[in-house]
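Undergrad: coords29.csv is the file, holding CSV, C-alpha atoms and all ligand atoms:
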chain,number,residue,atom,x,y,z
A,229,MET,CA,36.2,96.1,43.6
A,230,ARG,CA,33.9,93.3,44.5
A,231,THR,CA,31.9,94.0,47.7
A,232,PRO,CA,32.4,91.1,50.1
A,233,ILE,CA,29.2,89.3,50.9
A,234,ILE,CA,28.7,87.1,54.0
A,235,ALA,CA,25.4,85.2,54.1
A,236,GLY,CA,24.1,83.1,57.0
A,237,ASN,CA,22.2,80.1,55.8
A,238,TRP,CA,20.1,79.1,58.7
A,239,LYS,CA,18.7,76.0,57.1
A,240,MET,CA,16.0,74.4,59.2
A,241,PHE,CA,17.0,76.2,62.4
A,242,LYS,CA,15.3,79.1,64.2
A,243,GLY,CA,11.5,79.4,64.1
A,244,ALA,CA,9.7,82.6,63.3
A,245,ASP,CA,9.9,84.3,66.8
A,246,GLU,CA,13.4,83.0,67.5
A,247,ALA,CA,14.7,84.3,64.2
A,248,VAL,CA,13.3,87.8,64.9
A,249,ASP,CA,14.8,87.8,68.4
A,250,PHE,CA,18.1,86.8,66.9
A,251,VAL,CA,18.3,89.5,64.3
A,252,LYS,CA,17.3,92.1,66.8
A,253,GLU,CA,20.5,91.2,68.6
A,254,LEU,CA,22.6,90.7,65.5
A,255,ALA,CA,21.7,93.9,63.7
A,256,PRO,CA,23.4,96.3,66.2
A,257,ALA,CA,26.5,94.0,66.3
A,258,LEU,CA,26.9,94.1,62.5
A,259,GLU,CA,26.0,97.8,62.1
A,260,SER,CA,29.4,99.3,61.6
A,261,TYR,CA,30.6,96.9,59.0
A,262,THR,CA,29.0,98.7,56.1
A,263,GLY,CA,31.8,97.7,53.6
A,264,VAL,CA,30.5,94.1,53.8
A,265,GLU,CA,27.2,93.0,52.5
A,266,ARG,CA,25.5,91.1,55.3
A,267,VAL,CA,22.7,88.7,54.6
A,268,VAL,CA,20.6,86.3,56.6
A,269,ALA,CA,18.6,83.4,55.2
A,270,PRO,CA,15.9,82.3,57.6
A,271,THR,CA,13.2,79.7,56.8
A,272,PHE,CA,10.3,80.8,54.7
A,273,LEU,CA,8.2,81.0,57.9
A,274,ALA,CA,10.5,83.6,59.4
A,275,VAL,CA,11.2,85.7,56.2
A,276,LYS,CA,8.5,88.3,56.8
A,277,GLY,CA,9.2,88.8,60.5
A,278,VAL,CA,13.0,89.0,59.9
A,279,ALA,CA,12.5,91.4,56.9
A,280,ASP,CA,10.4,93.7,59.0
A,281,ALA,CA,12.8,93.6,61.9
A,282,LEU,CA,15.8,94.4,59.6
A,283,LYS,CA,14.1,97.3,57.7
A,284,SER,CA,16.5,100.3,57.8
A,285,THR,CA,19.4,98.3,59.3
A,286,GLY,CA,21.4,97.6,56.1
A,287,ILE,CA,21.3,93.9,56.7
A,288,LYS,CA,19.6,92.0,53.9
A,289,VAL,CA,17.4,89.0,53.8
A,290,ALA,CA,17.6,85.9,51.6
A,291,ALA,CA,15.2,83.1,51.1
A,292,GLN,CA,16.6,79.5,51.0
A,293,ASN,CA,14.7,78.5,47.8
A,294,ALA,CA,12.0,79.6,45.4
A,295,HIS,CA,10.0,77.9,42.7
A,296,TRP,CA,10.4,78.9,39.1
A,297,GLU,CA,6.7,79.1,38.2
A,298,ASP,CA,4.8,82.2,39.2
A,299,SER,CA,1.9,80.3,40.7
A,300,GLY,CA,0.2,76.9,40.4
A,301,ALA,CA,-0.5,73.6,42.0
A,302,PHE,CA,2.9,73.1,43.6
A,303,THR,CA,2.3,72.1,47.2
A,304,SER,CA,4.9,73.3,49.7
A,305,GLN,CA,6.5,75.7,47.2
A,306,VAL,CA,7.0,79.5,47.2
A,307,ALA,CA,7.2,81.5,44.0
A,308,ALA,CA,9.9,84.1,43.3
A,309,GLY,CA,7.3,86.8,42.9
A,310,MET,CA,5.9,86.1,46.4
A,311,LEU,CA,9.3,87.0,47.9
A,312,VAL,CA,9.6,90.4,46.2
A,313,GLY,CA,9.6,93.2,48.7
A,314,LEU,CA,10.7,90.8,51.5
A,315,VAL,CA,14.1,89.5,50.3
A,316,GLU,CA,16.9,90.6,48.1
A,317,TYR,CA,18.6,87.3,47.6
A,318,VAL,CA,17.5,83.7,47.2
A,319,ILE,CA,19.8,80.7,47.6
A,320,ILE,CA,19.3,78.1,44.9
A,321,GLY,CA,21.1,74.9,44.0
A,322,HIS,CA,22.2,74.2,47.6
A,323,SER,CA,23.6,70.7,47.8
A,324,GLU,CA,21.0,69.7,50.4
A,325,CYS,CA,18.3,70.7,48.0
A,326,ARG,CA,20.1,68.9,45.1
A,327,GLU,CA,20.4,65.8,47.3
A,328,TYR,CA,17.2,65.7,49.3
A,329,LEU,CA,14.8,67.6,47.0
A,330,GLN,CA,16.2,66.3,43.8
A,331,GLU,CA,17.0,69.8,42.5
A,332,THR,CA,18.6,69.4,39.1
A,333,ASP,CA,20.8,71.8,37.1
A,334,GLU,CA,17.9,72.5,34.9
A,335,MET,CA,15.7,73.4,37.8
A,336,VAL,CA,18.5,75.7,39.2
A,337,ASN,CA,18.6,77.4,35.8
A,338,LYS,CA,14.9,77.9,35.7
A,339,LYS,CA,14.9,79.2,39.3
A,340,ALA,CA,17.8,81.6,38.5
A,341,LYS,CA,15.9,83.0,35.5
A,342,SER,CA,12.7,83.4,37.4
A,343,LEU,CA,14.4,85.2,40.3
A,344,LEU,CA,16.2,87.6,37.9
A,345,ALA,CA,13.0,88.3,36.0
A,346,HIS,CA,11.5,89.3,39.4
A,347,GLY,CA,14.4,91.6,40.3
A,348,LEU,CA,15.7,89.1,42.9
A,349,LYS,CA,19.4,88.0,43.2
A,350,PRO,CA,20.2,84.4,43.1
A,351,ILE,CA,23.0,82.9,45.2
A,352,ILE,CA,23.8,79.8,43.1
A,353,ALA,CA,25.5,77.1,45.1
A,354,VAL,CA,27.7,74.6,43.3
A,355,GLY,CA,30.1,72.0,44.6
A,356,GLU,CA,31.4,68.5,44.1
A,357,SER,CA,31.0,65.3,46.2
A,358,LEU,CA,33.8,63.6,48.0
A,359,GLU,CA,33.8,60.8,45.4
A,360,GLN,CA,34.1,63.4,42.5
A,361,ASN,CA,36.8,65.2,44.4
A,362,GLU,CA,38.8,62.1,44.9
A,363,ALA,CA,38.3,61.0,41.3
A,364,GLY,CA,39.8,64.3,40.1
A,365,GLN,CA,36.5,65.5,38.6
A,366,THR,CA,36.1,68.7,40.6
A,367,GLU,CA,36.9,71.1,37.8
A,368,SER,CA,34.8,69.5,35.2
A,369,PHE,CA,31.8,68.9,37.5
A,370,VAL,CA,31.8,72.3,39.1
A,371,GLY,CA,32.4,74.0,35.7
A,372,GLY,CA,29.5,72.1,34.3
A,373,GLN,CA,27.2,73.1,37.2
A,374,VAL,CA,28.1,76.8,36.6
A,375,ARG,CA,27.5,76.6,32.8
A,376,ALA,CA,24.1,74.8,33.3
A,377,ALA,CA,22.9,77.2,36.0
A,378,LEU,CA,23.7,80.2,33.8
A,379,GLU,CA,22.3,79.0,30.5
A,380,GLY,CA,20.4,81.9,28.9
A,381,ILE,CA,21.4,84.4,31.6
A,382,THR,CA,22.6,87.7,30.0
A,383,PRO,CA,25.8,89.5,30.8
A,384,ALA,CA,23.7,92.4,32.2
A,385,GLN,CA,21.8,90.0,34.5
A,386,MET,CA,25.1,88.7,35.9
A,387,ALA,CA,25.5,91.8,37.9
A,388,ASP,CA,22.8,90.4,40.2
A,389,VAL,CA,24.2,86.8,40.4
A,390,VAL,CA,26.4,85.5,43.3
A,391,ILE,CA,27.9,82.1,43.1
A,392,ALA,CA,28.8,80.0,46.1
A,393,TYR,CA,31.4,77.2,45.9
A,394,GLU,CA,30.5,74.7,48.5
A,395,PRO,CA,32.3,71.3,48.3
A,396,ILE,CA,29.7,68.9,49.6
A,397,TRP,CA,32.3,67.0,51.7
A,398,ALA,CA,33.0,70.3,53.6
A,399,ILE,CA,29.4,71.2,54.5
A,400,GLY,CA,28.7,70.7,58.2
A,401,THR,CA,31.4,68.2,58.5
A,402,GLY,CA,34.1,70.4,60.1
A,403,LYS,CA,36.3,69.4,57.2
A,404,SER,CA,36.9,72.6,55.3
A,405,ALA,CA,38.7,72.8,52.0
A,406,SER,CA,42.1,74.5,52.3
A,407,ALA,CA,41.9,78.2,51.5
A,408,GLU,CA,44.4,77.8,48.7
A,409,LEU,CA,42.4,74.9,47.2
A,410,ALA,CA,39.1,76.8,47.5
A,411,ASN,CA,40.7,79.9,45.9
A,412,ALA,CA,42.0,77.7,43.0
A,413,ILE,CA,38.6,76.2,42.2
A,414,ILE,CA,36.9,79.6,42.5
A,415,GLY,CA,39.5,81.4,40.4
A,416,ASP,CA,40.7,78.8,37.9
A,417,THR,CA,37.5,77.0,37.4
A,418,ILE,CA,34.5,79.1,38.3
A,419,ARG,CA,35.7,82.6,37.4
A,420,GLN,CA,37.4,81.1,34.4
A,421,THR,CA,34.1,79.6,33.3
A,422,LEU,CA,32.5,83.0,33.6
A,423,ARG,CA,35.4,84.4,31.6
A,424,ASP,CA,34.7,81.9,28.8
A,425,LEU,CA,31.0,82.5,28.9
A,426,TYR,CA,30.9,86.3,29.4
A,427,GLY,CA,34.3,87.8,29.1
A,428,ASP,CA,36.6,89.6,31.5
A,429,GLU,CA,34.4,92.3,32.7
A,430,VAL,CA,31.6,90.1,34.0
A,431,ALA,CA,34.1,87.5,35.3
A,432,ASP,CA,35.9,90.1,37.3
A,433,GLN,CA,32.8,91.7,38.7
A,434,THR,CA,30.9,88.5,39.8
A,435,ARG,CA,31.1,87.7,43.4
A,436,ILE,CA,32.0,84.1,44.3
A,437,GLN,CA,31.7,82.9,47.9
A,438,TYR,CA,33.2,79.9,49.6
A,439,GLY,CA,31.1,77.8,51.9
A,440,GLY,CA,31.7,74.6,54.0
A,441,SER,CA,32.6,74.7,57.7
A,442,VAL,CA,33.5,78.3,57.6
A,443,LYS,CA,34.0,79.6,61.2
A,444,PRO,CA,35.8,82.5,62.9
A,445,GLU,CA,39.0,80.4,63.3
A,446,ASN,CA,39.5,79.9,59.5
A,447,MET,CA,37.7,83.0,58.1
A,448,LEU,CA,40.8,85.2,57.8
A,449,GLU,CA,42.5,82.5,55.7
A,450,TYR,CA,39.6,82.3,53.3
A,451,MET,CA,39.0,86.0,53.1
A,452,SER,CA,42.7,86.7,52.4
A,453,GLN,CA,42.4,84.8,49.1
A,454,PRO,CA,42.1,87.0,46.1
A,455,ASP,CA,39.3,85.2,44.4
A,456,ILE,CA,37.1,84.5,47.4
A,457,ASP,CA,34.6,87.3,47.8
A,458,GLY,CA,32.7,86.2,50.9
A,459,ALA,CA,31.2,83.2,52.6
A,460,LEU,CA,28.0,81.2,52.7
A,461,VAL,CA,27.9,80.0,56.3
A,462,GLY,CA,25.7,77.5,58.0
A,463,GLY,CA,26.5,76.5,61.5
A,464,ALA,CA,28.6,79.5,62.5
A,465,SER,CA,25.9,81.9,61.4
A,466,LEU,CA,23.5,80.7,64.1
A,467,LYS,CA,25.3,82.5,66.9
A,468,VAL,CA,25.5,86.3,67.2
A,469,ASP,CA,29.1,86.3,68.4
A,470,ALA,CA,30.4,84.0,65.7
A,471,PHE,CA,28.4,85.7,62.9
A,472,THR,CA,29.8,89.1,64.0
A,473,ASP,CA,33.3,87.7,64.1
A,474,LEU,CA,32.9,86.4,60.5
A,475,VAL,CA,31.8,89.8,59.3
A,476,ARG,CA,34.5,91.6,61.2
A,477,LEU,CA,37.2,89.3,59.8
A,478,ALA,CA,35.9,89.7,56.3
A,479,ALA,CA,36.0,93.5,56.7
A,480,GLN,CA,39.6,93.2,58.0
A,481,ALA,CA,40.9,90.8,55.3
A,482,LYS,CA,39.4,92.8,52.5
A,483,GLY,CA,40.3,96.2,54.0
A,484,VAL,CA,36.7,97.6,53.9
B,501,LIG,P1,28.3,74.9,57.2
B,501,LIG,O1,27.2,75.0,56.0
B,501,LIG,O2,28.9,76.3,57.3
B,501,LIG,O3,27.5,74.5,58.4
B,501,LIG,O4,29.3,73.9,56.7
B,501,LIG,C1,27.4,75.8,54.9
B,501,LIG,C2,26.2,75.7,53.9
B,501,LIG,O5,25.6,74.6,53.8
B,501,LIG,O6,25.8,76.7,53.3
Just give me the structure as structure tokens.
Ligand code: PGA

TA:
Amino acid sequence: MRTPIIAGNWKMFKGADEAVDFVKELAPALESYTGVERVVAPTFLAVKGVADALKSTGIKVAAQNAHWEDSGAFTSQVAAGMLVGLVEYVIIGHSECREYLQETDEMVNKKAKSLLAHGLKPIIAVGESLEQNEAGQTESFVGGQVRAALEGITPAQMADVVIAYEPIWAIGTGKSASAELANAIIGDTIRQTLRDLYGDEVADQTRIQYGGSVKPENMLEYMSQPDIDGALVGGASLKVDAFTDLVRLAAQAKGV
């Protein structure tokens, strides 16, 4: 069985102190849901404080990005190796990074390889734009993003890879993809691409999240879908009550 994984992507919200205060409240609320992997992704600035505050809670920390080089003259960047010991996961390929930071498929691939080489687990975000969706290009575009991101990654390394399907038109817009549609892209496109690349065992073990305007009101629908293994959540992860509801509903839907 694939362990459900709910990750809160805090984007550029919550400064260092606020993030620590938040997780001190969140950790006890999430404590009992041990069947769900619970992850928070604060800004780089808050990673250390949050990691310290969550030690021995079972709640894991993700970074929101990492550079693929180990060190160098890359102003503003943080290397994968610098995150070792602080985070378990790193989100890469988020559509906001692809759009505003010009992150390409090739960069996502290099980042994924660097993270895996350092023993970190990439959460690789993929997803189509509204124009691509309306032009019927979702399957080919998303399938292409998955193939490009995973170029050169071995079947054994896939045990540490999580993929997040986030249609760009559904992020922060309140317009979520229907649960059936999300399940179809995740199952028939993304998991099928993994099947083509790596075979059934890897395809069946890899966790694939949905993301885009996930909230307590629609969580049960998403989590009841067989191919959706969790959620990457922005807005609704910023409040303790909503985050707790998301984790509770995931546990309920998946029977864990
Ligand atoms: P949202 O963001 O839940 O606010 O739509 C999701 C994401 O960007 O990961």

Undergrad: Sort by chain and increasing residue number a table of all residues of chain A within 9 Å of ligand LIG 501 (chain B), each with its closest pair of atoms and their distance in Å to one decimal, counting only C-alpha atoms and all ligand atoms, and write it as a tab-separated table.

TA:
residue	atom	partner	partner_atom	distance
A:Ala235	CA	B:LIG501	O6	8.5
A:Gly236	CA	B:LIG501	O6	7.6
A:Asn237	CA	B:LIG501	O6	5.5
A:Trp238	CA	B:LIG501	O6	8.2
A:Lys239	CA	B:LIG501	O5	7.8
A:His322	CA	B:LIG501	O5	7.1
A:Ser323	CA	B:LIG501	O5	7.4
A:Glu324	CA	B:LIG501	O5	7.5
A:Ala353	CA	B:LIG501	O6	8.2
A:Ala392	CA	B:LIG501	O6	8.5
A:Glu394	CA	B:LIG501	C2	7.0
A:Ile396	CA	B:LIG501	O5	8.2
A:Ala398	CA	B:LIG501	O4	6.0
A:Ile399	CA	B:LIG501	O4	3.5
A:Gly400	CA	B:LIG501	O4	3.6
A:Thr401	CA	B:LIG501	O4	6.3
A:Gly402	CA	B:LIG501	O4	6.8
A:Lys403	CA	B:LIG501	O4	8.3
A:Ser404	CA	B:LIG501	O4	7.8
A:Tyr438	CA	B:LIG501	C1	8.9
A:Gly439	CA	B:LIG501	C1	5.2
A:Gly440	CA	B:LIG501	O4	3.7
A:Ser441	CA	B:LIG501	O4	3.5
A:Val442	CA	B:LIG501	O2	5.0
A:Lys443	CA	B:LIG501	O2	7.2
A:Ala459	CA	B:LIG501	O6	8.5
A:Leu460	CA	B:LIG501	O6	5.0
A:Val461	CA	B:LIG501	O2	4.0
A:Gly462	CA	B:LIG501	O2	3.5
A:Gly463	CA	B:LIG501	O3	3.8
A:Ala464	CA	B:LIG501	O2	6.1
A:Ser465	CA	B:LIG501	O2	7.6

Undergrad: Which residue, A:Gln292, A:Thr332, A:Asn337, A:Asn411, has the smallest gap to Ala377 (chain A) when you use only C-alpha atoms?

TA: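 When distances to Ala377 (chain A) are compared using only C-alpha atoms, the smallest one comes from A:Asn337.
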
Undergrad: Residues at most 8 Å from region 244-260 of chain A, counting all atoms listed in the file, excluding those fewer than 5 positions away in the same chain, as a list in words?

TA: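 Using all atoms listed in the file, the neighbours found are Arg266, Pro270, Thr271, Leu273, Ala274, Val275, Gly277, Val278, Ala281, Leu282, Thr285, Gly286, Ile287, Val468, Thr472 and Val475 of chain A.
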
Undergrad: Go ahead and write the selection's residues with C-alpha atoms as a PDB file, in the coordinates of the input.

TA:
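So the final result, stored in again_27.pdb, reads:
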ATOM      1  CA  ARG A 266      25.500  91.100  55.300  1.00  0.00           C
ATOM      2  CA  PRO A 270      15.900  82.300  57.600  1.00  0.00           C
ATOM      3  CA  THR A 271      13.200  79.700  56.800  1.00  0.00           C
ATOM      4  CA  LEU A 273       8.200  81.000  57.900  1.00  0.00           C
ATOM      5  CA  ALA A 274      10.500  83.600  59.400  1.00  0.00           C
ATOM      6  CA  VAL A 275      11.200  85.700  56.200  1.00  0.00           C
ATOM      7  CA  GLY A 277       9.200  88.800  60.500  1.00  0.00           C
ATOM      8  CA  VAL A 278      13.000  89.000  59.900  1.00  0.00           C
ATOM      9  CA  ALA A 281      12.800  93.600  61.900  1.00  0.00           C
ATOM     10  CA  LEU A 282      15.800  94.400  59.600  1.00  0.00           C
ATOM     11  CA  THR A 285      19.400  98.300  59.300  1.00  0.00           C
ATOM     12  CA  GLY A 286      21.400  97.600  56.100  1.00  0.00           C
ATOM     13  CA  ILE A 287      21.300  93.900  56.700  1.00  0.00           C
ATOM     14  CA  VAL A 468      25.500  86.300  67.200  1.00  0.00           C
ATOM     15  CA  THR A 472      29.800  89.100  64.000  1.00  0.00           C
ATOM     16  CA  VAL A 475      31.800  89.800  59.300  1.00  0.00           C
TER      17      VAL A 475
END

Undergrad: When you draw a straight line from CA of Ile436 (chain A) to CA of Leu422 (chain A), how long is it in Å?

TA: 10.8 Å

Undergrad: Using Å and a single decimal, report how far CA of Ala478 (chain A) sits from CA of Val315 (chain A).

TA: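 Computing the Euclidean distance for CA of Val315 (chain A) and CA of Ala478 (chain A) yields 22.6 Å.
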
Undergrad: For Ala290 (chain A), work out the shell of residues within 8 Å, counting all atoms listed in the file and skipping chain neighbours fewer than 6 positions away, then give it as an NGL selection string.

TA: :A and (267-270 or 275 or 315-319)

Undergrad: Tell me which of A:Ala407, A:Leu466, A:Leu314, A:Leu329 sits closest to Lys288 (chain A), counting all atoms listed in the file.

TA: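 The closest residue to Lys288 (chain A) is A:Leu314.
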
Undergrad: Pick from A:Pro232, A:Pro350, A:Gly300, A:Pro444: nearest to Asp469 (chain A), with all atoms listed in the file counted?

TA: A:Pro444

Undergrad: Give as a list in words the set of residues within 12 Å of the point (36.7, 66.2, 37.7), where distances use the file's coordinates and all atoms listed in the file.

TA: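 Here is the list of nearby residues: Gly355, Glu356, Ser357, Leu358, Glu359, Gln360, Asn361, Glu362, Ala363, Gly364, Gln365, Thr366, Glu367, Ser368, Phe369, Val370, Gly371, Gly372, Gln373, Ile413 and Thr417 of chain A.
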
Undergrad: Rank A:Ala307, A:Ile418, A:Ala481, A:Leu378 by their smallest atom-to-atom distance to Leu448 (chain A), using all atoms listed in the file, and report the top residue only.

TA: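 Once distances to Leu448 (chain A) are computed over all atoms listed in the file, the minimum belongs to A:Ala481.
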
Undergrad: Calculate how many Å separate CA of Gly427 (chain A) from CA of Ile381 (chain A), rounding to one decimal.

TA: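 Taking CA of Gly427 (chain A) as the start and CA of Ile381 (chain A) as the end point, the length is 13.6 Å.
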
Undergrad: Leaving out Gly483 (chain A) and any residue of its chain fewer than 6 positions from it, which residues lie within 12 Å of it when counting all atoms listed in the file, given as an NGL selection string?

TA: :A and (229-232 or 261-264 or 448 or 451-452 or 475-477)

Undergrad: Tell me which of A:Ser406, A:Leu348, A:Glu265, A:Phe241 sits closest to Ala294 (chain A), counting only C-alpha atoms.

TA: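 The closest residue to Ala294 (chain A) is A:Leu348.
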
Undergrad: Find the residues near Ala431 (chain A): any atom within 9 Å, counting only C-alpha atoms, skip ones fewer than 4 places away on the same chain, and give them as a list in words.

TA: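 Close residues of Ala431 (chain A): Ile418, Arg419, Gln420, Thr421, Leu422, Arg423, Asp424, Leu425, Tyr426, Gly427 and Arg435 of chain A.
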